[in-house]
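Here is model_20.cif, consisting of mmCIF, C-alpha atoms:
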```cif
data_data
loop_
_atom_site.label_atom_id
_atom_site.label_comp_id
_atom_site.auth_asym_id
_atom_site.auth_seq_id
_atom_site.Cartn_x
_atom_site.Cartn_y
_atom_site.Cartn_z
CA MET A 747 50.70 33.99 -182.99
CA PRO A 748 50.27 30.37 -181.94
CA ALA A 749 46.79 31.23 -180.62
CA THR A 750 45.56 31.87 -184.14
CA THR A 751 47.16 28.89 -185.77
CA ARG A 752 46.08 26.14 -183.41
CA TYR A 753 43.32 25.38 -180.95
CA THR A 754 43.79 25.66 -177.20
CA GLY A 755 44.40 22.55 -175.14
CA ALA A 756 40.87 22.70 -173.77
CA ALA A 757 39.36 22.81 -177.25
CA ILE A 758 41.56 19.97 -178.45
CA GLY A 759 40.80 17.88 -175.38
CA LEU A 760 37.07 18.42 -175.61
CA HIS A 761 37.07 17.76 -179.37
CA TRP A 762 38.69 14.36 -179.03
CA VAL A 763 36.90 13.22 -175.91
CA ILE A 764 33.56 14.12 -177.50
CA ALA A 765 34.59 12.54 -180.82
CA VAL A 766 35.48 9.21 -179.23
CA ALA A 767 32.39 9.29 -177.00
CA ILE A 768 30.08 10.04 -179.93
CA VAL A 769 31.50 7.23 -182.08
CA ALA A 770 31.25 4.77 -179.17
CA THR A 771 27.76 5.83 -178.10
CA PHE A 772 26.50 5.85 -181.69
CA SER A 773 27.91 2.34 -182.26
CA LEU A 774 26.38 1.14 -179.00
CA GLY A 775 23.01 2.53 -180.09
CA ILE A 776 23.20 0.72 -183.43
CA TYR A 777 24.23 -2.52 -181.70
CA MET A 778 21.84 -2.53 -178.77
CA HIS A 779 18.52 -1.65 -180.38
CA GLU A 780 18.13 -4.98 -182.16
CA LEU A 781 19.13 -7.16 -179.22
CA PRO A 782 16.51 -9.46 -177.70
CA LEU A 783 15.38 -8.24 -174.29
CA SER A 784 17.77 -9.27 -171.52
CA PRO A 785 19.33 -7.72 -168.43
CA ASP A 786 22.38 -6.91 -170.55
CA LYS A 787 20.24 -5.03 -173.04
CA LEU A 788 18.74 -2.94 -170.23
CA LYS A 789 22.24 -2.22 -168.94
CA LEU A 790 23.46 -1.19 -172.40
CA TYR A 791 20.47 1.12 -172.80
CA SER A 792 21.25 2.75 -169.47
CA TRP A 793 24.91 3.18 -170.35
CA HIS A 794 23.94 4.62 -173.73
CA LYS A 795 21.71 7.18 -172.00
CA TRP A 796 24.34 8.04 -169.39
CA ALA A 797 26.89 8.51 -172.17
CA GLY A 798 24.43 10.69 -174.09
CA VAL A 799 23.84 12.96 -171.10
CA THR A 800 27.61 13.17 -170.51
CA ILE A 801 28.27 14.07 -174.16
CA PHE A 802 25.55 16.71 -173.97
CA LEU A 803 27.29 18.35 -171.01
CA LEU A 804 30.70 18.16 -172.70
CA VAL A 805 29.19 19.74 -175.81
CA LEU A 806 27.79 22.57 -173.68
CA ALA A 807 31.29 23.12 -172.28
CA ARG A 808 32.62 23.09 -175.82
CA ILE A 809 30.05 25.69 -176.93
CA VAL A 810 31.00 27.90 -173.99
CA TRP A 811 34.64 27.60 -175.05
CA ARG A 812 33.72 28.42 -178.63
CA LEU A 813 31.78 31.53 -177.58
CA ALA A 814 34.70 32.70 -175.44
CA HIS A 815 37.46 32.04 -177.98
CA ARG A 816 38.00 32.83 -181.60
CA PRO A 817 39.00 29.64 -183.40
CA PRO A 818 41.98 29.67 -185.76
CA ALA A 819 41.21 31.32 -189.07
CA PRO A 820 40.69 29.09 -192.11
CA VAL A 821 43.94 28.30 -193.86
CA ALA A 822 44.96 30.75 -196.52
CA GLY A 823 44.12 30.02 -200.11
CA MET A 824 40.95 28.02 -199.49
CA PRO A 825 38.23 28.68 -202.06
CA ALA A 826 35.22 30.57 -200.68
CA TRP A 827 32.85 27.63 -201.16
CA GLN A 828 35.09 25.41 -199.06
CA ARG A 829 35.22 27.99 -196.28
CA GLN A 830 31.46 28.30 -196.37
CA ALA A 831 30.99 24.54 -196.48
CA ALA A 832 33.35 24.08 -193.52
CA GLU A 833 31.49 26.76 -191.59
CA ALA A 834 28.10 25.16 -192.38
CA VAL A 835 29.26 21.66 -191.42
CA HIS A 836 30.65 22.93 -188.12
CA VAL A 837 27.47 24.81 -187.24
CA LEU A 838 25.35 21.77 -188.14
CA LEU A 839 27.58 19.48 -186.10
CA TYR A 840 27.10 21.71 -183.06
CA VAL A 841 23.33 21.76 -183.64
CA LEU A 842 23.22 17.96 -183.95
CA MET A 843 25.50 17.35 -180.96
CA VAL A 844 22.86 19.18 -178.92
CA ALA A 845 19.79 17.86 -180.73
CA VAL A 846 20.76 14.18 -180.71
CA PRO A 847 20.99 13.74 -176.92
CA ILE A 848 17.91 15.90 -176.36
CA SER A 849 15.90 13.78 -178.81
CA GLY A 850 17.06 10.64 -177.00
CA TRP A 851 16.17 12.06 -173.60
CA LEU A 852 12.70 13.13 -174.77
CA MET A 853 12.17 9.76 -176.50
CA SER A 854 13.02 7.96 -173.28
CA SER A 855 10.52 10.05 -171.33
CA ALA A 856 7.80 9.61 -173.97
CA LYS A 857 8.35 5.85 -173.81
CA GLY A 858 7.78 5.94 -170.06
CA VAL A 859 11.38 5.39 -168.97
CA PRO A 860 12.88 8.38 -167.17
CA THR A 861 16.59 9.00 -167.58
CA VAL A 862 18.59 8.70 -164.37
CA TRP A 863 22.17 9.82 -165.00
CA PHE A 864 24.52 7.09 -163.79
CA GLY A 865 21.54 5.65 -161.91
CA VAL A 866 21.84 8.51 -159.42
CA LEU A 867 20.64 11.80 -160.82
CA PRO A 868 17.10 11.74 -162.25
CA LEU A 869 16.52 14.03 -165.20
CA PRO A 870 13.08 15.61 -165.37
CA ASP A 871 10.58 14.24 -167.87
CA LEU A 872 9.90 17.16 -170.19
CA VAL A 873 7.22 15.17 -171.98
CA GLY A 874 4.77 12.68 -170.53
CA LYS A 875 4.36 9.08 -171.58
CA ASP A 876 2.84 9.02 -175.03
CA LYS A 877 3.14 6.13 -177.46
CA GLY A 878 2.73 8.18 -180.64
CA LEU A 879 5.16 10.83 -179.47
CA GLY A 880 7.60 8.12 -178.42
CA GLU A 881 7.60 6.63 -181.92
CA LEU A 882 7.94 10.06 -183.49
CA LEU A 883 10.92 10.88 -181.27
CA GLU A 884 12.47 7.50 -182.03
CA THR A 885 12.31 8.32 -185.73
CA ALA A 886 13.73 11.79 -185.00
CA HIS A 887 16.58 10.35 -182.87
CA LYS A 888 17.48 7.93 -185.69
CA ALA A 889 17.27 10.56 -188.42
CA LEU A 890 19.34 13.08 -186.46
CA ASN A 891 21.94 10.40 -185.76
CA LEU A 892 22.17 9.34 -189.39
CA GLY A 893 22.45 13.00 -190.35
CA MET A 894 25.23 13.45 -187.84
CA ALA A 895 27.02 10.32 -189.05
CA ALA A 896 26.95 11.69 -192.61
CA LEU A 897 28.31 15.04 -191.43
CA VAL A 898 31.03 13.36 -189.39
CA LEU A 899 32.13 11.50 -192.53
CA VAL A 900 32.28 14.80 -194.44
CA HIS A 901 34.16 16.39 -191.53
CA VAL A 902 36.69 13.55 -191.30
CA GLY A 903 37.01 13.33 -195.07
CA ALA A 904 37.70 17.06 -195.34
CA ALA A 905 40.26 16.93 -192.51
CA LEU A 906 42.07 14.06 -194.22
CA LYS A 907 41.94 15.82 -197.56
CA HIS A 908 43.51 18.92 -195.99
CA HIS A 909 46.20 16.84 -194.37
CA LEU A 910 47.03 14.41 -197.16
CA VAL A 911 46.18 16.31 -200.34
CA ASP A 912 46.48 19.99 -199.50
CA ARG A 913 49.20 19.26 -196.94
CA ASP A 914 48.12 22.21 -194.81
CA ASP A 915 47.88 22.31 -191.00
CA VAL A 916 44.07 22.04 -190.64
CA LEU A 917 44.29 18.61 -189.03
CA VAL A 918 47.55 19.29 -187.22
CA ARG A 919 46.13 22.24 -185.31
CA MET A 920 43.51 19.92 -183.82
CA LEU A 921 45.94 16.98 -183.55
CA PRO A 922 49.31 18.52 -182.68
CA MET A 923 51.02 15.14 -182.31
CA LEU A 924 50.93 14.87 -186.11
CA LYS A 925 53.20 17.86 -186.39
CA LYS A 926 56.36 17.04 -188.23
CA PRO A 927 59.44 18.09 -186.32
CA MET B 751 -36.49 -1.67 -114.49
CA LYS B 752 -38.10 0.99 -116.48
CA SER B 753 -34.87 2.88 -116.93
CA GLY B 754 -33.20 -0.42 -117.93
CA GLN B 755 -35.79 -0.90 -120.63
CA LEU B 756 -35.26 2.63 -121.80
CA PHE B 757 -31.54 2.02 -121.99
CA ALA B 758 -32.10 -1.11 -124.00
CA TRP B 759 -34.32 0.79 -126.39
CA PHE B 760 -31.75 3.52 -126.64
CA ALA B 761 -28.97 1.04 -127.30
CA ALA B 762 -31.06 -0.74 -129.91
CA ALA B 763 -31.79 2.57 -131.61
CA LEU B 764 -28.11 3.42 -131.67
CA LEU B 765 -27.18 0.09 -133.14
CA ALA B 766 -30.01 0.31 -135.63
CA VAL B 767 -28.45 3.28 -137.39
CA PRO B 768 -25.40 1.44 -138.67
CA ALA B 769 -27.47 -1.70 -139.05
CA ALA B 770 -29.63 0.13 -141.57
CA GLN B 771 -26.61 0.40 -143.84
CA ALA B 772 -25.13 -2.90 -142.81
CA ALA B 773 -24.93 -3.93 -146.44
CA GLY B 774 -22.08 -1.40 -146.74
CA PHE B 775 -20.19 -1.48 -149.98
CA ASN B 776 -20.15 -4.78 -151.73
CA GLN B 777 -20.15 -4.22 -155.47
CA LEU B 778 -16.57 -3.92 -156.68
CA GLN B 779 -16.34 -1.58 -159.67
CA PRO B 780 -13.26 -2.62 -161.67
CA ALA B 781 -13.72 0.27 -164.09
CA ARG B 782 -13.25 2.70 -161.22
CA SER B 783 -10.48 0.70 -159.59
CA ALA B 784 -6.83 0.30 -160.45
CA VAL B 785 -3.93 -2.02 -159.79
CA SER B 786 -0.57 -0.53 -160.68
CA PHE B 787 3.03 -1.01 -159.72
CA VAL B 788 6.37 0.73 -159.70
CA TYR B 789 9.56 -1.23 -160.27
CA LYS B 790 13.13 -0.13 -160.59
CA GLN B 791 15.15 -0.97 -163.65
CA MET B 792 18.77 0.17 -163.43
CA ASN B 793 17.57 2.33 -160.54
CA VAL B 794 15.03 4.00 -162.81
CA PRO B 795 11.49 3.91 -161.43
CA ILE B 796 9.04 2.71 -164.08
CA GLU B 797 5.29 2.54 -163.71
CA GLY B 798 3.16 -0.30 -164.90
CA SER B 799 -0.35 -1.56 -164.38
CA PHE B 800 -2.77 -4.41 -164.84
CA LYS B 801 -5.66 -3.56 -167.11
CA ARG B 802 -7.98 -6.42 -166.19
CA PHE B 803 -8.96 -7.71 -162.77
CA LYS B 804 -12.14 -8.67 -161.03
CA GLY B 805 -13.24 -9.76 -157.62
CA GLU B 806 -15.33 -9.09 -154.60
CA LEU B 807 -15.15 -6.58 -151.85
CA THR B 808 -17.45 -6.27 -148.88
CA PHE B 809 -16.88 -3.46 -146.49
CA ASP B 810 -19.20 -2.05 -143.90
CA PRO B 811 -17.73 1.01 -142.20
CA ALA B 812 -19.66 -0.01 -139.07
CA ARG B 813 -18.01 -3.42 -138.95
CA PRO B 814 -14.61 -3.08 -140.61
CA GLU B 815 -13.31 -6.34 -139.10
CA ALA B 816 -15.92 -8.21 -141.11
CA ALA B 817 -14.62 -6.78 -144.37
CA LYS B 818 -13.58 -9.25 -147.02
CA THR B 819 -12.02 -9.09 -150.38
CA ALA B 820 -10.84 -11.43 -153.06
CA ILE B 821 -9.20 -10.00 -156.16
CA GLU B 822 -8.14 -11.85 -159.28
CA ILE B 823 -5.74 -10.19 -161.64
CA ASP B 824 -5.43 -11.23 -165.26
CA LEU B 825 -1.65 -11.26 -165.56
CA ALA B 826 -1.73 -11.19 -169.36
CA SER B 827 -3.22 -7.69 -169.10
CA VAL B 828 0.06 -6.38 -167.73
CA ASP B 829 1.49 -3.13 -169.00
CA THR B 830 5.10 -2.93 -167.85
CA GLY B 831 5.56 0.53 -169.21
CA PHE B 832 7.31 -0.54 -172.38
CA ALA B 833 6.17 -2.79 -175.21
CA GLU B 834 9.07 -5.24 -175.17
CA GLY B 835 8.57 -5.78 -171.46
CA ASN B 836 4.91 -6.70 -171.87
CA ASP B 837 5.73 -9.78 -173.95
CA GLU B 838 8.73 -10.66 -171.82
CA VAL B 839 7.00 -10.74 -168.45
CA GLN B 840 4.34 -13.12 -169.70
CA GLY B 841 7.07 -15.63 -170.44
CA ARG B 842 8.17 -18.58 -168.40
CA LEU B 843 10.85 -16.69 -166.46
CA TRP B 844 8.39 -14.07 -165.21
CA PHE B 845 4.66 -14.66 -164.71
CA ASP B 846 4.41 -17.69 -166.99
CA THR B 847 0.88 -16.60 -167.85
CA LYS B 848 0.30 -19.74 -169.94
CA ASN B 849 0.44 -21.92 -166.84
CA HIS B 850 -0.45 -19.30 -164.23
CA PRO B 851 -2.78 -16.79 -165.85
CA VAL B 852 -4.09 -15.28 -162.65
CA ALA B 853 -2.73 -13.66 -159.51
CA ARG B 854 -5.09 -13.90 -156.57
CA PHE B 855 -5.37 -12.02 -153.33
CA VAL B 856 -7.78 -13.26 -150.66
CA SER B 857 -8.07 -11.25 -147.48
CA THR B 858 -7.91 -13.02 -144.14
CA SER B 859 -8.34 -10.08 -141.79
CA VAL B 860 -8.97 -6.36 -141.77
CA LYS B 861 -7.69 -4.52 -138.73
CA PRO B 862 -8.72 -0.91 -138.00
CA LEU B 863 -5.65 1.21 -137.26
CA GLY B 864 -7.59 4.27 -136.21
CA GLY B 865 -9.06 7.02 -138.31
CA ASN B 866 -9.62 5.85 -141.84
CA ARG B 867 -6.62 3.55 -141.83
CA TYR B 868 -6.73 -0.21 -141.89
CA GLU B 869 -4.35 -3.08 -142.15
CA VAL B 870 -5.45 -5.71 -144.61
CA ALA B 871 -3.83 -9.11 -144.31
CA GLY B 872 -4.31 -11.87 -146.79
CA ARG B 873 -2.92 -14.61 -148.98
CA MET B 874 -1.31 -13.68 -152.24
CA SER B 875 -1.01 -16.39 -154.89
CA ILE B 876 1.18 -15.84 -157.90
CA LYS B 877 2.80 -18.41 -160.17
CA GLY B 878 1.81 -21.32 -157.97
CA ARG B 879 3.13 -19.84 -154.74
CA THR B 880 0.95 -18.54 -151.94
CA LEU B 881 2.34 -16.24 -149.29
CA ASP B 882 0.98 -14.07 -146.50
CA VAL B 883 0.99 -10.38 -147.26
CA LYS B 884 -0.07 -7.33 -145.34
CA THR B 885 -0.86 -3.91 -146.62
CA PRO B 886 -1.97 -0.66 -145.12
CA ALA B 887 -5.05 0.82 -146.73
CA THR B 888 -7.09 3.93 -146.32
CA PHE B 889 -10.82 4.09 -146.79
CA ARG B 890 -12.84 7.03 -147.94
CA GLN B 891 -16.40 7.46 -148.93
CA ALA B 892 -17.17 9.37 -152.09
CA ASP B 893 -20.78 9.80 -153.15
CA ASN B 894 -22.27 6.34 -153.15
CA SER B 895 -19.02 4.47 -153.21
CA GLY B 896 -16.30 3.42 -150.87
CA VAL B 897 -12.72 3.63 -152.02
CA PHE B 898 -9.85 1.59 -150.61
CA GLU B 899 -6.40 2.77 -151.47
CA GLY B 900 -3.04 1.50 -150.45
CA ALA B 901 0.39 0.35 -151.42
CA PHE B 902 2.80 -2.31 -150.28
CA VAL B 903 6.09 -3.77 -151.35
CA LEU B 904 6.20 -7.20 -152.89
CA LYS B 905 9.49 -8.98 -153.42
CA ARG B 906 9.35 -10.51 -156.85
CA ALA B 907 11.80 -13.27 -156.03
CA ASP B 908 9.43 -14.61 -153.35
CA TYR B 909 7.15 -15.70 -156.17
CA GLY B 910 9.79 -16.60 -158.72
CA ILE B 911 8.88 -13.59 -160.85
CA GLY B 912 11.96 -13.02 -162.94
CA GLU B 913 14.05 -16.16 -162.87
CA GLY B 914 17.16 -17.28 -164.73
CA MET B 915 19.01 -14.34 -166.21
CA TRP B 916 16.58 -11.96 -164.47
CA ALA B 917 17.19 -13.39 -161.00
CA ASP B 918 19.95 -10.86 -160.37
CA PHE B 919 18.50 -7.71 -158.80
CA GLY B 920 21.15 -5.48 -160.36
CA THR B 921 19.04 -4.74 -163.41
CA VAL B 922 15.49 -5.18 -162.12
CA ALA B 923 15.19 -4.64 -158.38
CA ASN B 924 13.57 -7.25 -156.15
CA GLU B 925 11.22 -4.79 -154.50
CA VAL B 926 8.15 -3.91 -156.48
CA GLN B 927 5.71 -1.42 -155.08
CA ILE B 928 2.12 -2.51 -155.64
CA LYS B 929 -0.50 0.20 -155.57
CA PHE B 930 -4.22 -0.40 -155.53
CA ARG B 931 -7.41 1.57 -155.56
CA MET B 932 -10.57 -0.48 -155.11
CA THR B 933 -13.91 1.20 -155.53
CA ALA B 934 -17.10 -0.51 -154.42
CA THR B 935 -20.67 0.67 -154.43
CA ALA B 936 -23.52 -0.37 -152.21
CA ALA B 937 -25.78 -3.08 -153.54
CA GLY B 938 -28.85 -1.81 -155.34
CA LYS B 939 -27.55 1.74 -155.56
#
```

Full structure transcribed into structure tokens:
Amino acid sequence: MPATTRYTGAAIGLHWVIAVAIVATFSLGIYMHELPLSPDKLKLYSWHKWAGVTIFLLVLARIVWRLAHRPPAPVAGMPAWQRQAAEAVHVLLYVLMVAVPISGWLMSSAKGVPTVWFGVLPLPDLVGKDKGLGELLETAHKALNLGMAALVLVHVGAALKHHLVDRDDVLVRMLPMLKKP
Amino acid sequence: MKSGQLFAWFAAALLAVPAAQAAGFNQLQPARSAVSFVYKQMNVPIEGSFKRFKGELTFDPARPEAAKTAIEIDLASVDTGFAEGNDEVQGRLWFDTKNHPVARFVSTSVKPLGGNRYEVAGRMSIKGRTLDVKTPATFRQADNSGVFEGAFVLKRADYGIGEGMWADFGTVANEVQIKFRMTATAAGK
């Protein structure tokens, strides 16, 4: 029974680690891109890329988990449109969690700067240096990020609505510490 | 006596063959030459290049020791691999192109290392500092031109390239690999 009403520890752990990492990496991206050029800026860019690659790998692990486990069913009594909306937002979030780091990686290659994970492991350049492509991918990386930010707000808003208005266990099953004794 | 004369004739004939092409290659072709570099930023190798340079190169395969070259690089033509970097490195902390627009290399000796390999020594002047540098180079002949290719490591700090906040090598490494390909044709060809 508990397996159907809450997520496994692995799913919960991955969800929150990825959530915190995405918010931090997104904020870093917003902050760093307008900075004047300096060694610190170059460092921040590298950290941002390392974080992006790390998130990408965590998301892959999360997808593997998702394919191997059936998540808890939607809470009873939810209108069909809400179930469908929740399903759509989750699918889109997965798509964006994969697409955002890939767009950043490709953008970096197109701009002539390979990505070297933690300064140790070089990632291959899937595209060559190309100014036009670099600008296109920059626009894509921004758009995908803004799209993801909007979806995250919907996701968080819905979770809070379930918890505070509907008073069901949608949030609790992903955040067991909220559980009332 | 007669055989001595014959020998002298023979020797003269032998020497005459290279002498006929003694002019060697002496017209540097910048459009078919390249000066590029690889630097490491946060341990990420990034390629850059200089778009404009000119100079002289005289090389006679028969007399490699007599080879000479002098290359002037227009530092404002730098492409660091990313747009922001191009403006930055022209600034005071890097090349300071306003006060030092040109980097100059003047060879002092060319030493054959066997085969098609040579060691070119010379004086490199950048940003008001002149230092001795040495680089290996290979020579090959292609059609009517001679091509010198080589690479060496230049330490940017030796010339004060990247001062102040950039002086720390943690972000941009000190070692910069300089790669060159110099193509020269024979005069009148």

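Among the candidates A:Val799, A:Ala904, A:Ala856, A:Ile764, the residue lying nearest to chain B is A:Ala856 (atoms considered: only C-alpha atoms).
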
Inset, instruction - Would you mind telling me which residue in A:Ser849, A:Gln830, A:Thr771, A:Thr754 lies nearest to Ala889 in chain A when using only C-alpha atoms? - result: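 Ranking A:Ser849, A:Gln830, A:Thr771, A:Thr754 by distance to Ala889 in chain A, first place goes to A:Ser849.
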
Inset, instruction - Quick one: everything within 12 Å of range 790-795 of chain B, counting all atoms listed in the file, minus sequence neighbours fewer than 6 positions away in the same chain. Send it as JSON, numbers by chain. - result: {"A": [784, 785, 786, 787, 788, 789, 790, 791, 792, 793, 795, 796, 854, 855, 858, 859, 860, 861, 862, 863, 864, 865, 866, 867, 868, 869], "B": [830, 831, 832, 835, 905, 906, 916, 918, 919, 920, 921, 922, 923, 924, 925, 926, 927]}

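Put simply, CA of Asp876 in chain A is 23.2 Å away from CA of Arg931 in chain B.
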
Legend entry - Matched chain/residue IDs from the PyMOL selection byres ((chain A and resi 837-841) around 12), as a PyMOL selection string: chain A and resi 761+764-765+768+801-802+804-810+812+830-836+842-849+890-901

Inset, instruction - Go through the shown structure with the PyMOL selection byres ((chain B and resi 802) around 6) and write out the matching residues as a list in words. - result: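 What the PyMOL selection byres ((chain B and resi 802) around 6) grabs from the file is Phe800, Lys801, Phe803, Asp824 and Ser827 of chain B.
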
So that all listed atoms of range 823-833 of chain A fit with 8 Å spare on each side, what axis-aligned box centre and edge lengths in Å, to one decimal, would you give as AutoDock Vina command-line options?
```
--center_x 37.6 --center_y 27.3 --center_z -196.8 --size_x 29.1 --size_y 22.5 --size_z 26.5
```
